[in-house]
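Chemist: Before we start, here is the structure in question, set down as structure tokens.
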Amino acid sequence: MKPGLSTACFYPMQTEKALAKVGKLGFASTEVFFNSTSELDIGFLKKLNQIQTQYGISMNSVHPMASFAESYMLFSTYMRRFYDTVEMYKYYFEAANILGAKIVVIHGSRAPGVIEPHEYYERFGTLIEEGLKQGITVAHENVVGTMGQSPKCMVDIKNAIGNNFKMVLDIKQAIRSGYTPNEFVDALNDRIVQVHISDHNGENDCLPPGQGDFDFAKFIKILDDKGYKGDYIIELYRDSFLNDEQLIESRKYIENLI
């Protein structure tokens, strides 16, 4: 259990440079957000492996670049595109294994979707099963405006999927959806496999951890009491922090709480 930093914080910096920066800032854990199809090539993945080894970075998860289009690619009324997209996501499962990650994160469909809920659950279940064949957990993130934006939405998906359902809890997305992160923890604590952290206050909903009003000490203790064993991955937008020193301060802040 340790603080990590997502490469997404540095977008549009090239992915390999962003990963190296994660290491230079002293983080030993990360999520890689892929931004181009060529980044799934074995040669590029080996380059990322070398950077991991150089800085001692463990890979928690990978994030497909097509998350913005999953409504269209995975959850539309055109079934052939769904099956083709599942085949495409198998490359992300392979990339995750090469990098040592065990989680692939999806955003899911916008809400309301164009297919019936039961069909949404069936398709997500199919994607989960394909991931498990390669030892990968496909986890649904609680993104605002999507089928997983509320605790109830996530519970509905969990009840339909069963034991294979896992989720990624993102603090800023919970706040943007009008919920506290603790509401997700209360409803789904045994299904949370990764936590994306950020801070917030009355004016900003995405700040470096420790630089807003959120009670991280209480939040981490609650998750610890519920049995969470994963890392805490700092995931910010590039305009949410001013400099690298803020990220280092956040790392130290979370390290002192864990």
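Ligands are numbered from 1 in the order shown, chains are lettered A, B, ... in the order of the structure tokens, and residues start at 1 in each chain.
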Quick one: residues within 7 Å of A:Glu183, only C-alpha atoms, excluding same-chain residues fewer than 4 positions away - as number ranges by chain?
Modeler: A: 151, 179, 187
Chemist: Would you output that residue set with N, CA and C atoms, as a PDB file, in the first residue's frame?
Modeler:
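Just written: again-v1.pdb:
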```pdb
ATOM      1  N   PRO A 151     -23.408   5.442  -6.361  1.00  0.00           N
ATOM      2  CA  PRO A 151     -23.324   4.170  -5.635  1.00  0.00           C
ATOM      3  C   PRO A 151     -24.419   3.195  -6.049  1.00  0.00           C
ATOM      4  N   TYR A 179     -21.718  12.952  -5.002  1.00  0.00           N
ATOM      5  CA  TYR A 179     -21.643  11.964  -3.932  1.00  0.00           C
ATOM      6  C   TYR A 179     -20.319  12.105  -3.186  1.00  0.00           C
ATOM      7  N   ALA A 187     -21.053   1.339   0.238  1.00  0.00           N
ATOM      8  CA  ALA A 187     -21.876   0.443  -0.576  1.00  0.00           C
ATOM      9  C   ALA A 187     -21.082  -0.644  -1.276  1.00  0.00           C
TER      10      ALA A 187
END
```
Chemist: Could you give me the residues within stretch 56-129 of chain A that DSSP places in alpha helix (DSSP H), as a compact mmCIF listing (two decimals) with N, CA and C atoms, in the first residue's frame?
Modeler:
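Produced file selection.txt, reproduced below:
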```txt
# COMPACT_ATOMS: atom_id res chain seq x y z
N GLU A 70 -16.37 4.51 -25.27
CA GLU A 70 -16.90 3.19 -24.92
C GLU A 70 -18.41 3.09 -25.12
N SER A 71 -19.13 4.21 -25.01
CA SER A 71 -20.57 4.19 -25.31
C SER A 71 -20.79 3.70 -26.73
N TYR A 72 -19.97 4.20 -27.64
CA TYR A 72 -20.10 3.90 -29.06
C TYR A 72 -19.50 2.54 -29.41
N MET A 73 -18.38 2.19 -28.78
CA MET A 73 -17.63 1.01 -29.18
C MET A 73 -18.09 -0.27 -28.49
N MET A 79 -24.07 -4.67 -32.61
CA MET A 79 -23.38 -5.75 -31.90
C MET A 79 -22.03 -6.11 -32.50
N ARG A 80 -21.90 -6.05 -33.82
CA ARG A 80 -20.61 -6.43 -34.43
C ARG A 80 -19.49 -5.55 -33.90
N ARG A 81 -19.77 -4.26 -33.70
CA ARG A 81 -18.75 -3.35 -33.19
C ARG A 81 -18.36 -3.72 -31.76
N PHE A 82 -19.32 -4.20 -30.99
CA PHE A 82 -19.01 -4.66 -29.64
C PHE A 82 -18.00 -5.80 -29.68
N TYR A 83 -18.27 -6.81 -30.49
CA TYR A 83 -17.36 -7.96 -30.56
C TYR A 83 -15.98 -7.56 -31.08
N ASP A 84 -15.95 -6.67 -32.05
CA ASP A 84 -14.66 -6.21 -32.57
C ASP A 84 -13.89 -5.43 -31.50
N THR A 85 -14.60 -4.65 -30.70
CA THR A 85 -13.94 -3.87 -29.66
C THR A 85 -13.41 -4.77 -28.54
N VAL A 86 -14.14 -5.82 -28.23
CA VAL A 86 -13.64 -6.79 -27.24
C VAL A 86 -12.31 -7.36 -27.72
N GLU A 87 -12.22 -7.67 -29.01
CA GLU A 87 -10.96 -8.17 -29.55
C GLU A 87 -9.86 -7.13 -29.41
N MET A 88 -10.19 -5.87 -29.62
CA MET A 88 -9.20 -4.80 -29.47
C MET A 88 -8.74 -4.68 -28.02
N TYR A 89 -9.66 -4.83 -27.09
CA TYR A 89 -9.29 -4.70 -25.67
C TYR A 89 -8.40 -5.84 -25.20
N LYS A 90 -8.40 -6.94 -25.92
CA LYS A 90 -7.49 -8.03 -25.56
C LYS A 90 -6.03 -7.58 -25.66
N TYR A 91 -5.76 -6.61 -26.55
CA TYR A 91 -4.41 -6.07 -26.63
C TYR A 91 -4.04 -5.30 -25.36
N TYR A 92 -5.03 -4.66 -24.75
CA TYR A 92 -4.78 -3.97 -23.48
C TYR A 92 -4.54 -4.98 -22.36
N PHE A 93 -5.25 -6.10 -22.41
CA PHE A 93 -5.01 -7.15 -21.41
C PHE A 93 -3.58 -7.67 -21.54
N GLU A 94 -3.15 -7.87 -22.78
CA GLU A 94 -1.79 -8.35 -23.02
C GLU A 94 -0.77 -7.31 -22.55
N ALA A 95 -1.03 -6.04 -22.86
CA ALA A 95 -0.12 -4.97 -22.44
C ALA A 95 -0.03 -4.90 -20.93
N ALA A 96 -1.16 -5.05 -20.26
CA ALA A 96 -1.17 -5.02 -18.79
C ALA A 96 -0.28 -6.12 -18.23
N ASN A 97 -0.39 -7.31 -18.79
CA ASN A 97 0.43 -8.43 -18.31
C ASN A 97 1.91 -8.16 -18.54
N ILE A 98 2.25 -7.59 -19.67
CA ILE A 98 3.66 -7.31 -19.96
C ILE A 98 4.22 -6.30 -18.96
N LEU A 99 3.38 -5.35 -18.56
CA LEU A 99 3.82 -4.29 -17.64
C LEU A 99 3.68 -4.69 -16.17
N PRO A 117 -30.51 -1.86 -19.58
CA PRO A 117 -29.54 -2.17 -18.52
C PRO A 117 -29.08 -3.62 -18.51
N HIS A 118 -30.01 -4.55 -18.71
CA HIS A 118 -29.61 -5.96 -18.66
C HIS A 118 -28.60 -6.29 -19.75
N GLU A 119 -28.73 -5.64 -20.90
CA GLU A 119 -27.77 -5.88 -21.98
C GLU A 119 -26.42 -5.23 -21.65
N TYR A 120 -26.47 -4.08 -21.01
CA TYR A 120 -25.24 -3.42 -20.56
C TYR A 120 -24.46 -4.35 -19.62
N TYR A 121 -25.17 -4.92 -18.66
CA TYR A 121 -24.53 -5.82 -17.71
C TYR A 121 -23.95 -7.05 -18.41
N GLU A 122 -24.69 -7.58 -19.37
CA GLU A 122 -24.20 -8.77 -20.10
C GLU A 122 -22.92 -8.45 -20.86
N ARG A 123 -22.87 -7.31 -21.51
CA ARG A 123 -21.68 -6.95 -22.28
C ARG A 123 -20.48 -6.69 -21.38
N PHE A 124 -20.74 -5.99 -20.28
CA PHE A 124 -19.65 -5.75 -19.34
C PHE A 124 -19.17 -7.09 -18.77
N GLY A 125 -20.09 -7.99 -18.50
CA GLY A 125 -19.71 -9.31 -18.01
C GLY A 125 -18.86 -10.07 -19.01
N THR A 126 -19.19 -9.94 -20.29
CA THR A 126 -18.38 -10.59 -21.34
C THR A 126 -16.97 -10.03 -21.34
N LEU A 127 -16.84 -8.71 -21.25
CA LEU A 127 -15.52 -8.09 -21.23
C LEU A 127 -14.72 -8.54 -20.01
N ILE A 128 -15.39 -8.64 -18.87
CA ILE A 128 -14.74 -9.13 -17.65
C ILE A 128 -14.21 -10.55 -17.86
N GLU A 129 -15.05 -11.40 -18.43
CA GLU A 129 -14.65 -12.80 -18.64
C GLU A 129 -13.44 -12.91 -19.57
```
Chemist: Atom CA of A:Val114 and atom CA of A:Ser177 are how many Å apart?
Modeler: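 Interatomic distance here is 20.4 Å.
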Chemist: Run DSSP on the backbone of this structure and report the residues of stretch 39-128 of chain A it assigns to strand (DSSP E), as a list in words.
Modeler: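 The residues of stretch 39-128 of chain A classed as strand (DSSP E) are Ser58, Met59, Asn60, Ser61, Val62, His63, Ile103, Val104, Val105 and Ile106 of chain A.
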Chemist: So that I have them on file, write out the residues from the current selection with C-alpha atoms, as a short mmCIF file (atom, residue, chain, number, x, y, z; two decimals), in the first residue's frame.
Modeler:
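File produced: again15.cif:
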```cif
data_model
loop_
_atom_site.label_atom_id
_atom_site.label_comp_id
_atom_site.auth_asym_id
_atom_site.auth_seq_id
_atom_site.Cartn_x
_atom_site.Cartn_y
_atom_site.Cartn_z
CA SER A 58 5.18 -1.08 -10.01
CA MET A 59 2.29 -0.95 -12.47
CA ASN A 60 -1.15 -0.99 -10.85
CA SER A 61 -3.35 -0.64 -13.89
CA VAL A 62 -3.62 0.44 -17.49
CA HIS A 63 -6.23 2.73 -18.98
CA ILE A 103 -6.28 -4.12 -13.74
CA VAL A 104 -7.70 -2.58 -16.91
CA VAL A 105 -9.98 0.39 -16.20
CA ILE A 106 -13.09 1.26 -18.19
#
```
Chemist: Taking 3 positions as the minimum chain separation for residues in the same chain, which residues sit within 10 Å of stretch 230-243 of chain A when counting only C-alpha atoms? Answer as number ranges by chain.
Modeler: A: 1-12, 27, 29-31, 60-61, 170-172, 192-199, 204-209, 211, 220, 223-224, 227, 246-248, 250-251, 254-255, 258
Chemist: Atom CA of A:Val155 to atom CA of A:Asn189: how many Å, to one decimal?
Modeler: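 Computing the Euclidean distance for atom CA of A:Val155 and atom CA of A:Asn189 yields 10.9 Å.
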Chemist: In Å, how far is it from atom CA of A:Ile175 to atom CA of A:Phe214?
Modeler: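 Taking atom CA of A:Ile175 as the start and atom CA of A:Phe214 as the end point, the length is 10.8 Å.
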Chemist: May I have the residues within 6 Å of A:His140 as a ChimeraX atom specification, using only C-alpha atoms and disregarding those fewer than 5 positions away in the same chain?
Modeler: /A:106-107,167-168
